[in-house]
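All remarks here apply to the structure that follows.
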Amino acid sequence: MPPFAGESVPQFQPKSDSNIVTIDVGGTIFQTTKQTLTSAGNKTFFSRISDAVSSSPRHTPFVDRDPELFSLLLSLLRTGNLPSKSKSFDLQDLIQESKFYGIENLLVNSLSNPSQFEPFNLQKSLILPLNGRDSVSAIATTRHGSLHVAHGSKITSFDWSLRRKSTVLTQFTAVDSLLAISPSIAAAGANDFSGLQILDLENGFVKETLNWENVTRTGSTVQAIGSSPDYIFSSFESTRRNSNAIVVYDLHSLQQVTEISHNEIFGADIASALPATKLQWVSGYNLLMASASHGGPSGVSGNVRLWDVRSGKLVWEMAEKVDCFADVAVSDSLSVIFKIGVNSGEASYIDMRCLSDGNEWVCLGDKRKVVNGNGKKEGNGCKVETQGNQVFCTKGGDVELWSEVIMGNGKKNKEGGVEEEGGRRIFKKNLMGRVKDMGGGRITNLAFGGSRMFLTRKDQQCVEVWQGSSREL
Amino acid sequence: MEEESTSHATAESHPRDRIKLNVGGKLFETTLSTIRSGGPDSLLFALSNRASNDPNPVFIDRDPEIFSVLLSLLRTNHLPSTAHRFSKQELADEALFYGIDSHLRSASAPPPFSGIDASIIGSIRPASEGLPSAFTAADNGSVWIAHGGQVSSYDWNLLHAGTFRTHLDDIDSICRVWPEIAAVGSQSDAGLHFYDFSGSRHVGSIQWNDPSDPRIFKARVNAITASENSVFASFDCPHRENCILEVDKTKIEVVSQLGRQSGNQAKHMVPGRLTFVPATGVLVGSAVTGGAFGYSGYIRLWDPRSGEVVWETNEPGAGRSSRFGDSFAAVDVDVEGLALFKLCSKSGDLGMADMRRLGDDPWIYLKEKNPSLVVSNGGGGGEGSSSMVVSCYRGQVFVGRDGELEVWSRVRRQQEEEKEKEKERNVERGREGGEGLFRRNFVNKREDSERGAIKKIEGGGDRLFVSREGVEGIEVWESSHSASVISVL
């Protein structure tokens, strides 16, 4: 009970020109300022109260809602954070109430804001169980932490608070690539089913199926999906596997804009004509990163390409012959392309600030590495994802966190102590999690949304959620 | 008097004048002196100045419940029991808003730390690679933990304040140079490195170089300590030659080099522990190695201004040691009480030496007379223990033998109290070497000792921090006046 619940009216009335606003919520009197109310944004319940008070200052507006929940949301307006006593309330009630007052976005910002992502403080904290027997094939997140999980032919989506979920059935036997367009819309594709489907997950129907009209007039399967603020990119391959392209669609109208990286395979020149299997938009450079790899008898080969989508030109290319990547990702804020070699399992990077024809991967040696001498492909199945200033790599059941160490204040060390030769950047890794979390099943998917990290493991019908200890939901 | 000034609204206000505050719709009334006790820089002080000629209460658009907690804090200097409804973070944030965070800090600080009455309140565990390799505690009870090449900072509330990654793979020594700057050293990489917490970046490094001797390179840091203006770090080269460098704290430049030695004997090894004693301006360094033939090492005192050795002892062998063959396994300095403490490797006894009367054999041995507590070989200490740690904090000596944590504390007697008071009057602080009865007690319970061998003990801000071999995180011990009664109904 709030300590002031018994008081009917405060002992004073503010002057009419005062900045102070008095509100009666469910019999409890609250006072706040107009600034606080308007900080909720236009056209919310609070701005309407503020306007009403301005027009008739003598009148105290009455709101027929629960005063305790209101006091929590008022604190949220004042400080930007929910008070700790909100822990004794169900988050679902708070979300309902914030929807009533029109400030759900403030609640989302305080609980699931990407800027509050604490990479060094992440710990395994929640498990989201999935029904049925299928293991997870793909996951996708939105910026504020809604999550879509494809398992078997189903897609289960969790809202940003991870408190509510809904499951829909798709036409695919298994979804191989998944992209979250909004908390209720996802794009899905499969390696064995023609077409990119835009799914309405709220109502469970296919909004639109996008097909690539290839020359061979066969179906087109989806190898990868990516998105930028304006476009959806989809890497298609014809079902006969003799042509492929990346098709660019407008994100809003879903109309095809252009087609890049079109390859027709005649003869044996397979290596250069691989369909892209990962698409990542690099907004800082306005480029699309497309990577492709192919395992053959002579080992894995592949390529990493950067495309200018507007002109459709290939800007930069890196052919991967020796120690091809197991996975590759671009970090926008660090300006690096980061890969894990499939044979060595070593992390390497290319500095994007000096892209040229002669770029070479800079291997990040690791003194602490345990040498694995049995010739096994160490990097096989590794995933690389970037978030903020960090690069996350999975190796088996563990997640490695790579971060850059910014050295020196311009004081150069001629003795060659710390300052590495040739302007080499220093990246260091850490194994994430506590000892008890180590060595789980192999990690199959890794994604980031809001202030959280999501991962799935082989043969497990659940999603692990890692979050910072101070921002737990 | 009070009514007078409220009606007149004079420019001068009396500290006993009353003031009304409207916090988020709830009316509070208090005196100016209460609200001003937060100090002239606080928001409440600023509001109290404005209030005197305004009949309306000052309106603050904040949560009234938490304000009522902070107001009773200002009134009584104690946190009311209602404070438990709020998280530490929330109270700290709100106190910062009102500008009374120093009040909150002093009110929520634990009582003076007493080893004989301490309990474990929890452990601080970093989220990743949680095995601490080094840590350092500060006077306000905050702690910096080095783990897996990262350094995590925990504030006075023991809340996680930040983590940064260093370029080192392991950090074996860490020292607080400035409130935001840490000096770190590693056994696997050369140099002393300075990192800034606020920018999480490297701000400078120091290498040991000798232009006339090319063999001096890639020197690693073994121990770091800081004085008011300088940082002292002991470096040793791969060929074991070693020295201590004095580094200017503000410029991050080498000032002087002291105690350079070849490292070819036990008594010329690099100091593994350095302590600066501000009261006398002396730097204490010690080195201990344990081998098949027992322990050997030295304790040495330098005067950094002259670079001279003021006093030293080597064991085994030096002086007229009354205990031959019982050389020390661990050493620490009581900086406030000006005493050296050593832990004998064989007998497990604690040796104490007054730093003001160091002579040929200054040691006084503190023995356990209680037969049930006597350290027996193979039992709870002595030769049976593989790891021994000693640390002084607040006039108490904490000893870790394997997993056991014990404290030696002085028994206070009536005459001594008076003597001490007398001495304080004569501005001659401290105590006589031989006087004062030390008693040994276990700090931990039997089950606590099974968690792992104690690696490091350090006190700070009325807390004792303990790290154990192979255990994630560090333990925090505090004394408490709360009886914490357990109901068995």
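Identifiers in this document derive from the order of the structure tokens: chains are assigned A, B, ..., residues are numbered from 1 separately in each chain, and ligands are numbered from 1 in order of occurrence.
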
Per-residue nearest contacts chain A to chain B, cut-off 6 Å, using only C-alpha atoms, as a Markdown table:
```
| residue | atom | partner | partner_atom | distance |
| --- | --- | --- | --- | --- |
| A:Phe30 | CA | B:Gly25 | CA | 4.9 |
| A:Gln31 | CA | B:Gly25 | CA | 4.1 |
| A:Thr32 | CA | B:Asp61 | CA | 5.3 |
| A:Ser84 | CA | B:Ser87 | CA | 5.8 |
| A:Asn121 | CA | B:Ala127 | CA | 5.1 |
| A:Gln123 | CA | B:Ala127 | CA | 5.6 |
| A:Val405 | CA | B:His167 | CA | 5.8 |
| A:Ile406 | CA | B:Arg201 | CA | 5.3 |
| A:Met407 | CA | B:His202 | CA | 4.7 |
| A:Gly408 | CA | B:Val203 | CA | 4.9 |
| A:Asn409 | CA | B:Val203 | CA | 5.3 |
| A:Met432 | CA | B:Ser128 | CA | 4.6 |
| A:Gly433 | CA | B:Ser128 | CA | 4.4 |
| A:Arg434 | CA | B:Ser128 | CA | 5.6 |
```

Residues within 12 Å of Cys382 (chain A), only C-alpha atoms, excluding chain neighbours under 5 positions, as a PDB file with N, CA and C atoms, in the first residue's frame:
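Result file is result.pdb:
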```
ATOM      1  N   PHE A 325      36.498 -19.763 -44.188  1.00  0.00           N
ATOM      2  CA  PHE A 325      35.763 -19.420 -42.962  1.00  0.00           C
ATOM      3  C   PHE A 325      34.722 -20.489 -42.632  1.00  0.00           C
ATOM      4  N   ALA A 326      34.521 -20.697 -41.357  1.00  0.00           N
ATOM      5  CA  ALA A 326      33.361 -21.466 -40.923  1.00  0.00           C
ATOM      6  C   ALA A 326      32.174 -20.537 -40.847  1.00  0.00           C
ATOM      7  N   ASP A 327      32.460 -19.318 -40.414  1.00  0.00           N
ATOM      8  CA  ASP A 327      31.437 -18.281 -40.411  1.00  0.00           C
ATOM      9  C   ASP A 327      32.162 -16.951 -40.451  1.00  0.00           C
ATOM     10  N   VAL A 328      31.481 -15.958 -40.973  1.00  0.00           N
ATOM     11  CA  VAL A 328      32.100 -14.644 -41.101  1.00  0.00           C
ATOM     12  C   VAL A 328      31.038 -13.603 -40.775  1.00  0.00           C
ATOM     13  N   ALA A 329      31.458 -12.489 -40.175  1.00  0.00           N
ATOM     14  CA  ALA A 329      30.513 -11.429 -39.846  1.00  0.00           C
ATOM     15  C   ALA A 329      31.255 -10.103 -39.858  1.00  0.00           C
ATOM     16  N   LYS A 339      36.328 -13.555 -39.000  1.00  0.00           N
ATOM     17  CA  LYS A 339      35.987 -14.922 -39.394  1.00  0.00           C
ATOM     18  C   LYS A 339      36.621 -15.927 -38.439  1.00  0.00           C
ATOM     19  N   ILE A 340      36.059 -17.124 -38.454  1.00  0.00           N
ATOM     20  CA  ILE A 340      36.678 -18.260 -37.793  1.00  0.00           C
ATOM     21  C   ILE A 340      37.054 -19.240 -38.902  1.00  0.00           C
ATOM     22  N   GLY A 341      38.307 -19.622 -38.941  1.00  0.00           N
ATOM     23  CA  GLY A 341      38.751 -20.554 -39.969  1.00  0.00           C
ATOM     24  C   GLY A 341      38.212 -21.954 -39.711  1.00  0.00           C
ATOM     25  N   VAL A 342      37.789 -22.619 -40.758  1.00  0.00           N
ATOM     26  CA  VAL A 342      37.138 -23.912 -40.562  1.00  0.00           C
ATOM     27  C   VAL A 342      38.150 -24.993 -40.183  1.00  0.00           C
ATOM     28  N   ASN A 343      39.389 -24.864 -40.695  1.00  0.00           N
ATOM     29  CA  ASN A 343      40.388 -25.877 -40.362  1.00  0.00           C
ATOM     30  C   ASN A 343      41.077 -25.580 -39.046  1.00  0.00           C
ATOM     31  N   SER A 344      41.520 -24.333 -38.895  1.00  0.00           N
ATOM     32  CA  SER A 344      42.313 -24.000 -37.720  1.00  0.00           C
ATOM     33  C   SER A 344      41.451 -23.687 -36.511  1.00  0.00           C
ATOM     34  N   GLY A 345      40.252 -23.195 -36.752  1.00  0.00           N
ATOM     35  CA  GLY A 345      39.450 -22.721 -35.635  1.00  0.00           C
ATOM     36  C   GLY A 345      39.928 -21.392 -35.096  1.00  0.00           C
ATOM     37  N   GLU A 346      40.859 -20.759 -35.800  1.00  0.00           N
ATOM     38  CA  GLU A 346      41.420 -19.494 -35.336  1.00  0.00           C
ATOM     39  C   GLU A 346      40.555 -18.329 -35.810  1.00  0.00           C
ATOM     40  N   ALA A 347      40.509 -17.290 -35.023  1.00  0.00           N
ATOM     41  CA  ALA A 347      39.805 -16.079 -35.418  1.00  0.00           C
ATOM     42  C   ALA A 347      40.760 -15.197 -36.207  1.00  0.00           C
ATOM     43  N   LYS A 377      38.464 -30.892 -37.895  1.00  0.00           N
ATOM     44  CA  LYS A 377      38.165 -29.535 -38.320  1.00  0.00           C
ATOM     45  C   LYS A 377      37.646 -28.764 -37.129  1.00  0.00           C
ATOM     46  N   PHE A 392      31.085 -12.021 -31.157  1.00  0.00           N
ATOM     47  CA  PHE A 392      30.803 -13.250 -30.418  1.00  0.00           C
ATOM     48  C   PHE A 392      31.006 -14.433 -31.354  1.00  0.00           C
ATOM     49  N   CYS A 393      31.789 -15.395 -30.909  1.00  0.00           N
ATOM     50  CA  CYS A 393      32.012 -16.598 -31.701  1.00  0.00           C
ATOM     51  C   CYS A 393      31.600 -17.794 -30.862  1.00  0.00           C
ATOM     52  N   THR A 394      30.944 -18.735 -31.480  1.00  0.00           N
ATOM     53  CA  THR A 394      30.649 -19.951 -30.739  1.00  0.00           C
ATOM     54  C   THR A 394      31.626 -21.019 -31.201  1.00  0.00           C
ATOM     55  N   LYS A 395      32.045 -21.816 -30.246  1.00  0.00           N
ATOM     56  CA  LYS A 395      32.912 -22.948 -30.563  1.00  0.00           C
ATOM     57  C   LYS A 395      32.385 -24.116 -29.768  1.00  0.00           C
ATOM     58  N   GLY A 396      31.841 -25.074 -30.454  1.00  0.00           N
ATOM     59  CA  GLY A 396      31.241 -26.176 -29.731  1.00  0.00           C
ATOM     60  C   GLY A 396      30.126 -25.643 -28.856  1.00  0.00           C
ATOM     61  N   GLY A 397      30.223 -25.894 -27.568  1.00  0.00           N
ATOM     62  CA  GLY A 397      29.168 -25.456 -26.664  1.00  0.00           C
ATOM     63  C   GLY A 397      29.467 -24.152 -25.964  1.00  0.00           C
ATOM     64  N   ASP A 398      30.553 -23.476 -26.335  1.00  0.00           N
ATOM     65  CA  ASP A 398      30.950 -22.269 -25.618  1.00  0.00           C
ATOM     66  C   ASP A 398      30.870 -21.044 -26.509  1.00  0.00           C
ATOM     67  N   VAL A 399      30.696 -19.908 -25.870  1.00  0.00           N
ATOM     68  CA  VAL A 399      30.682 -18.641 -26.597  1.00  0.00           C
ATOM     69  C   VAL A 399      31.932 -17.872 -26.199  1.00  0.00           C
ATOM     70  N   GLU A 400      32.642 -17.391 -27.213  1.00  0.00           N
ATOM     71  CA  GLU A 400      33.808 -16.549 -26.969  1.00  0.00           C
ATOM     72  C   GLU A 400      33.419 -15.117 -27.261  1.00  0.00           C
ATOM     73  N   ARG A 442      26.463 -28.462 -28.539  1.00  0.00           N
ATOM     74  CA  ARG A 442      26.981 -27.538 -29.539  1.00  0.00           C
ATOM     75  C   ARG A 442      25.952 -26.442 -29.840  1.00  0.00           C
ATOM     76  N   ILE A 443      26.437 -25.222 -29.934  1.00  0.00           N
ATOM     77  CA  ILE A 443      25.539 -24.099 -30.181  1.00  0.00           C
ATOM     78  C   ILE A 443      25.221 -24.022 -31.662  1.00  0.00           C
ATOM     79  N   THR A 444      23.935 -23.953 -31.983  1.00  0.00           N
ATOM     80  CA  THR A 444      23.533 -23.979 -33.375  1.00  0.00           C
ATOM     81  C   THR A 444      23.080 -22.608 -33.870  1.00  0.00           C
ATOM     82  N   ASN A 445      22.610 -21.781 -32.980  1.00  0.00           N
ATOM     83  CA  ASN A 445      22.158 -20.456 -33.386  1.00  0.00           C
ATOM     84  C   ASN A 445      22.525 -19.454 -32.316  1.00  0.00           C
ATOM     85  N   LEU A 446      22.832 -18.255 -32.754  1.00  0.00           N
ATOM     86  CA  LEU A 446      23.211 -17.185 -31.836  1.00  0.00           C
ATOM     87  C   LEU A 446      22.600 -15.907 -32.375  1.00  0.00           C
TER      88      LEU A 446
END
```

Report task. Could you please determine the separation between CA of Phe454 (chain A) and CA of Asp351 (chain A) in Å, to one decimal place? Result -> 27.4 Å

Report task. From a DSSP pass on the backbone, collect the residues of region 53-299 of chain A flagged as strand (DSSP E) and hand them back as an MDAnalysis selection string. Result -> chainID A and resid 62:63 122:129 136:141 147:151 154:158 165:169 177:180 185:190 193:200 205:210 220:227 231:238 243:250 256:264 278:282 287:296 299

Query raised in the report: Which residues come within 12 Å of Leu111 (chain A), counting only C-alpha atoms, excluding same-chain residues fewer than 6 positions away, as a VMD selection string?
Result: chain A and resid 76 80 to 83 86 91 94 to 95 104 to 105 117 144 to 145 160 to 162 449 to 452 467 to 468 470 to 473

Go ahead and write the residues just picked, N, CA and C atoms, as a PDB file, in the first residue's frame.
```
ATOM      1  N   LEU A  76       8.619   5.479 -13.688  1.00  0.00           N
ATOM      2  CA  LEU A  76       9.269   5.214 -14.981  1.00  0.00           C
ATOM      3  C   LEU A  76       9.372   6.501 -15.793  1.00  0.00           C
ATOM      4  N   GLY A  80      13.027   7.116 -15.851  1.00  0.00           N
ATOM      5  CA  GLY A  80      13.399   6.258 -16.972  1.00  0.00           C
ATOM      6  C   GLY A  80      13.583   4.810 -16.575  1.00  0.00           C
ATOM      7  N   ASN A  81      13.486   4.533 -15.277  1.00  0.00           N
ATOM      8  CA  ASN A  81      13.636   3.152 -14.806  1.00  0.00           C
ATOM      9  C   ASN A  81      12.458   2.765 -13.933  1.00  0.00           C
ATOM     10  N   LEU A  82      12.148   1.501 -13.946  1.00  0.00           N
ATOM     11  CA  LEU A  82      11.111   1.014 -13.042  1.00  0.00           C
ATOM     12  C   LEU A  82      11.699   0.881 -11.649  1.00  0.00           C
ATOM     13  N   PRO A  83      10.946   1.230 -10.604  1.00  0.00           N
ATOM     14  CA  PRO A  83      11.465   1.031  -9.248  1.00  0.00           C
ATOM     15  C   PRO A  83      11.523  -0.459  -8.903  1.00  0.00           C
ATOM     16  N   SER A  86       8.599  -2.876  -8.383  1.00  0.00           N
ATOM     17  CA  SER A  86       7.870  -3.434  -9.521  1.00  0.00           C
ATOM     18  C   SER A  86       8.118  -4.925  -9.647  1.00  0.00           C
ATOM     19  N   LEU A  91       5.003  -8.724 -14.672  1.00  0.00           N
ATOM     20  CA  LEU A  91       5.374  -7.847 -15.771  1.00  0.00           C
ATOM     21  C   LEU A  91       4.228  -7.691 -16.758  1.00  0.00           C
ATOM     22  N   LEU A  94       1.985  -4.939 -15.835  1.00  0.00           N
ATOM     23  CA  LEU A  94       2.604  -3.647 -16.112  1.00  0.00           C
ATOM     24  C   LEU A  94       2.521  -3.321 -17.591  1.00  0.00           C
ATOM     25  N   ILE A  95       2.717  -4.331 -18.426  1.00  0.00           N
ATOM     26  CA  ILE A  95       2.652  -4.090 -19.868  1.00  0.00           C
ATOM     27  C   ILE A  95       1.237  -3.682 -20.256  1.00  0.00           C
ATOM     28  N   GLU A 104       3.974   2.091 -23.658  1.00  0.00           N
ATOM     29  CA  GLU A 104       4.673   0.807 -23.664  1.00  0.00           C
ATOM     30  C   GLU A 104       6.096   0.961 -24.192  1.00  0.00           C
ATOM     31  N   ASN A 105       6.284   1.915 -25.116  1.00  0.00           N
ATOM     32  CA  ASN A 105       7.634   2.089 -25.657  1.00  0.00           C
ATOM     33  C   ASN A 105       8.630   2.509 -24.574  1.00  0.00           C
ATOM     34  N   PHE A 117      22.915  -3.053 -23.470  1.00  0.00           N
ATOM     35  CA  PHE A 117      23.569  -4.343 -23.642  1.00  0.00           C
ATOM     36  C   PHE A 117      24.926  -4.307 -22.928  1.00  0.00           C
ATOM     37  N   HIS A 144      14.346  -4.625 -30.426  1.00  0.00           N
ATOM     38  CA  HIS A 144      13.997  -4.523 -29.014  1.00  0.00           C
ATOM     39  C   HIS A 144      13.772  -5.870 -28.361  1.00  0.00           C
ATOM     40  N   GLY A 145      14.231  -6.909 -28.973  1.00  0.00           N
ATOM     41  CA  GLY A 145      14.303  -8.165 -28.254  1.00  0.00           C
ATOM     42  C   GLY A 145      13.118  -9.093 -28.416  1.00  0.00           C
ATOM     43  N   TRP A 160       8.680  -8.982 -26.653  1.00  0.00           N
ATOM     44  CA  TRP A 160       9.930  -8.414 -26.136  1.00  0.00           C
ATOM     45  C   TRP A 160      10.137  -8.746 -24.667  1.00  0.00           C
ATOM     46  N   SER A 161       9.050  -8.941 -23.926  1.00  0.00           N
ATOM     47  CA  SER A 161       9.212  -9.225 -22.505  1.00  0.00           C
ATOM     48  C   SER A 161       9.477 -10.709 -22.271  1.00  0.00           C
ATOM     49  N   LEU A 162       9.403 -11.514 -23.314  1.00  0.00           N
ATOM     50  CA  LEU A 162       9.595 -12.962 -23.255  1.00  0.00           C
ATOM     51  C   LEU A 162       8.562 -13.626 -22.351  1.00  0.00           C
ATOM     52  N   GLY A 449      19.201  -9.347 -29.324  1.00  0.00           N
ATOM     53  CA  GLY A 449      18.053  -8.479 -29.448  1.00  0.00           C
ATOM     54  C   GLY A 449      17.819  -7.789 -28.130  1.00  0.00           C
ATOM     55  N   GLY A 450      17.457  -6.509 -28.167  1.00  0.00           N
ATOM     56  CA  GLY A 450      17.332  -5.773 -26.924  1.00  0.00           C
ATOM     57  C   GLY A 450      18.663  -5.780 -26.223  1.00  0.00           C
ATOM     58  N   SER A 451      18.649  -6.052 -24.921  1.00  0.00           N
ATOM     59  CA  SER A 451      19.907  -6.124 -24.189  1.00  0.00           C
ATOM     60  C   SER A 451      20.283  -7.573 -23.931  1.00  0.00           C
ATOM     61  N   ARG A 452      19.789  -8.493 -24.750  1.00  0.00           N
ATOM     62  CA  ARG A 452      19.983  -9.914 -24.452  1.00  0.00           C
ATOM     63  C   ARG A 452      20.642 -10.680 -25.582  1.00  0.00           C
ATOM     64  N   GLN A 467      21.453 -12.474 -20.125  1.00  0.00           N
ATOM     65  CA  GLN A 467      21.287 -11.039 -19.970  1.00  0.00           C
ATOM     66  C   GLN A 467      22.165 -10.508 -18.854  1.00  0.00           C
ATOM     67  N   GLY A 468      22.328  -9.196 -18.858  1.00  0.00           N
ATOM     68  CA  GLY A 468      23.128  -8.537 -17.836  1.00  0.00           C
ATOM     69  C   GLY A 468      22.425  -8.639 -16.501  1.00  0.00           C
ATOM     70  N   SER A 470      22.101  -6.626 -14.075  1.00  0.00           N
ATOM     71  CA  SER A 470      21.382  -5.481 -13.525  1.00  0.00           C
ATOM     72  C   SER A 470      20.097  -5.200 -14.282  1.00  0.00           C
ATOM     73  N   ARG A 471      19.921  -5.821 -15.447  1.00  0.00           N
ATOM     74  CA  ARG A 471      18.728  -5.503 -16.235  1.00  0.00           C
ATOM     75  C   ARG A 471      17.866  -6.731 -16.420  1.00  0.00           C
ATOM     76  N   GLU A 472      17.757  -7.535 -15.417  1.00  0.00           N
ATOM     77  CA  GLU A 472      17.005  -8.758 -15.601  1.00  0.00           C
ATOM     78  C   GLU A 472      15.521  -8.472 -15.688  1.00  0.00           C
ATOM     79  N   LEU A 473      14.856  -9.265 -16.481  1.00  0.00           N
ATOM     80  CA  LEU A 473      13.410  -9.111 -16.598  1.00  0.00           C
ATOM     81  C   LEU A 473      12.722  -9.887 -15.490  1.00  0.00           C
TER      82      LEU A 473
END
```

Report task. Excluding Ser256 (chain B) and any residue of its chain fewer than 2 positions from it, enumerate the residues within 8 Å of it, using only C-alpha atoms, and give them as a list in words. Result ->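 Near neighbours after the sequence-gap exclusion: Leu245, Glu246, Val247, Val254 and Leu258 of chain B.
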
Any chance you could export the current selection's N, CA and C atoms as a PDB file, in the first residue's frame?
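Printed below is again27.pdb as written:
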```pdb
ATOM      1  N   LEU B 245      61.033  -0.460  -9.832  1.00  0.00           N
ATOM      2  CA  LEU B 245      60.991   0.852 -10.469  1.00  0.00           C
ATOM      3  C   LEU B 245      59.984   1.720  -9.740  1.00  0.00           C
ATOM      4  N   GLU B 246      60.402   2.952  -9.510  1.00  0.00           N
ATOM      5  CA  GLU B 246      59.477   3.933  -8.953  1.00  0.00           C
ATOM      6  C   GLU B 246      58.947   4.750 -10.122  1.00  0.00           C
ATOM      7  N   VAL B 247      57.616   4.796 -10.264  1.00  0.00           N
ATOM      8  CA  VAL B 247      56.981   5.440 -11.413  1.00  0.00           C
ATOM      9  C   VAL B 247      56.152   6.612 -10.914  1.00  0.00           C
ATOM     10  N   VAL B 254      59.252   6.668 -15.384  1.00  0.00           N
ATOM     11  CA  VAL B 254      60.114   6.080 -14.362  1.00  0.00           C
ATOM     12  C   VAL B 254      60.864   7.201 -13.657  1.00  0.00           C
ATOM     13  N   LEU B 258      65.420   1.023  -7.864  1.00  0.00           N
ATOM     14  CA  LEU B 258      66.087   0.643  -6.629  1.00  0.00           C
ATOM     15  C   LEU B 258      66.119  -0.863  -6.493  1.00  0.00           C
TER      16      LEU B 258
END
```

Query raised in the report: Suppose you want the space between CA of Ser186 (chain B) and CA of Asp213 (chain B); what is it in Å?
Result: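 So the two atoms, CA of Ser186 (chain B) and CA of Asp213 (chain B), lie 22.8 Å apart.
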
Residues of region 88-140 of chain B that approach region 32-52 of chain B to 10 Å or less, counting only C-alpha atoms: could you list each one with the shortest pair of atoms and its distance in Å to one decimal, rows by chain and increasing residue number, as a Markdown table?
```
| residue | atom | partner | partner_atom | distance |
| --- | --- | --- | --- | --- |
| B:Ala95 | CA | B:Ser42 | CA | 9.7 |
| B:Leu96 | CA | B:Ser42 | CA | 8.8 |
| B:Phe97 | CA | B:Leu43 | CA | 7.4 |
| B:Tyr98 | CA | B:Leu43 | CA | 5.0 |
| B:Gly99 | CA | B:Ser42 | CA | 4.1 |
| B:Ile100 | CA | B:Gly38 | CA | 5.1 |
| B:Asp101 | CA | B:Gly38 | CA | 8.5 |
| B:Ser102 | CA | B:Gly38 | CA | 8.1 |
| B:His103 | CA | B:Gly38 | CA | 7.0 |
| B:Leu104 | CA | B:Gly38 | CA | 9.9 |
```

Query raised in the report: Excluding same-chain residues fewer than 5 positions from Ser194 (chain A), what lies within 10 Å of it counting only C-alpha atoms, as a list in words?
Result: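 Returned residues: Phe172, Gly189, Thr209, Leu210, Asn211, Trp212, Thr218, Gly219, Ser220, Thr221, Val222, Phe236, Glu237, Ser238 and Thr239 of chain A.
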
Would you save the residues of that selection, restricted to N, CA and C atoms, as a compact mmCIF listing (two decimals), in the first residue's frame?
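Written out: out.txt:
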```txt
# COMPACT_ATOMS: atom_id res chain seq x y z
N PHE A 172 6.84 -24.99 -44.77
CA PHE A 172 8.16 -25.61 -44.87
C PHE A 172 8.25 -26.84 -43.97
N GLY A 189 12.55 -18.84 -45.27
CA GLY A 189 12.85 -19.58 -46.47
C GLY A 189 13.50 -20.90 -46.10
N THR A 209 4.37 -14.56 -51.07
CA THR A 209 5.47 -15.45 -51.43
C THR A 209 6.25 -14.78 -52.54
N LEU A 210 7.55 -14.62 -52.32
CA LEU A 210 8.39 -13.96 -53.30
C LEU A 210 9.24 -15.01 -53.98
N ASN A 211 9.17 -15.04 -55.32
CA ASN A 211 9.93 -16.03 -56.06
C ASN A 211 10.89 -15.34 -56.99
N TRP A 212 11.98 -16.00 -57.22
CA TRP A 212 12.96 -15.47 -58.17
C TRP A 212 12.73 -16.15 -59.50
N THR A 218 12.75 -23.03 -63.09
CA THR A 218 12.44 -23.97 -62.02
C THR A 218 12.19 -23.15 -60.76
N GLY A 219 11.91 -23.85 -59.72
CA GLY A 219 11.70 -23.17 -58.46
C GLY A 219 12.99 -22.54 -57.96
N SER A 220 12.87 -21.69 -56.96
CA SER A 220 14.06 -21.07 -56.40
C SER A 220 14.01 -21.20 -54.89
N THR A 221 15.06 -21.78 -54.35
CA THR A 221 15.11 -21.96 -52.90
C THR A 221 15.90 -20.83 -52.26
N VAL A 222 15.63 -20.60 -51.01
CA VAL A 222 16.26 -19.48 -50.30
C VAL A 222 17.47 -19.99 -49.53
N PHE A 236 18.89 -16.47 -53.58
CA PHE A 236 18.12 -17.58 -54.17
C PHE A 236 19.05 -18.48 -54.95
N GLU A 237 18.69 -19.75 -55.00
CA GLU A 237 19.35 -20.67 -55.91
C GLU A 237 18.26 -21.45 -56.63
N SER A 238 18.48 -21.69 -57.92
CA SER A 238 17.46 -22.45 -58.65
C SER A 238 17.49 -23.89 -58.15
N THR A 239 16.36 -24.56 -58.26
CA THR A 239 16.30 -25.92 -57.70
C THR A 239 17.23 -26.87 -58.44
```

Query raised in the report: CA of Lys207 (chain A) and CA of Ile185 (chain A) are how many Å apart?
Result: 8.9 Å

Requested in this report: Could you give me, as a ChimeraX atom specification, the residues within 10 Å of Glu450 (chain B), counting only C-alpha atoms and dropping anything in the same chain fewer than 6 positions from it?
Outcome: /B:402-404

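The nearest approach to Cys363 (chain A) among the residues A:Asn191, A:Thr167, A:Thr22, A:Ser348, with only C-alpha atoms taken into account, belongs to A:Ser348.
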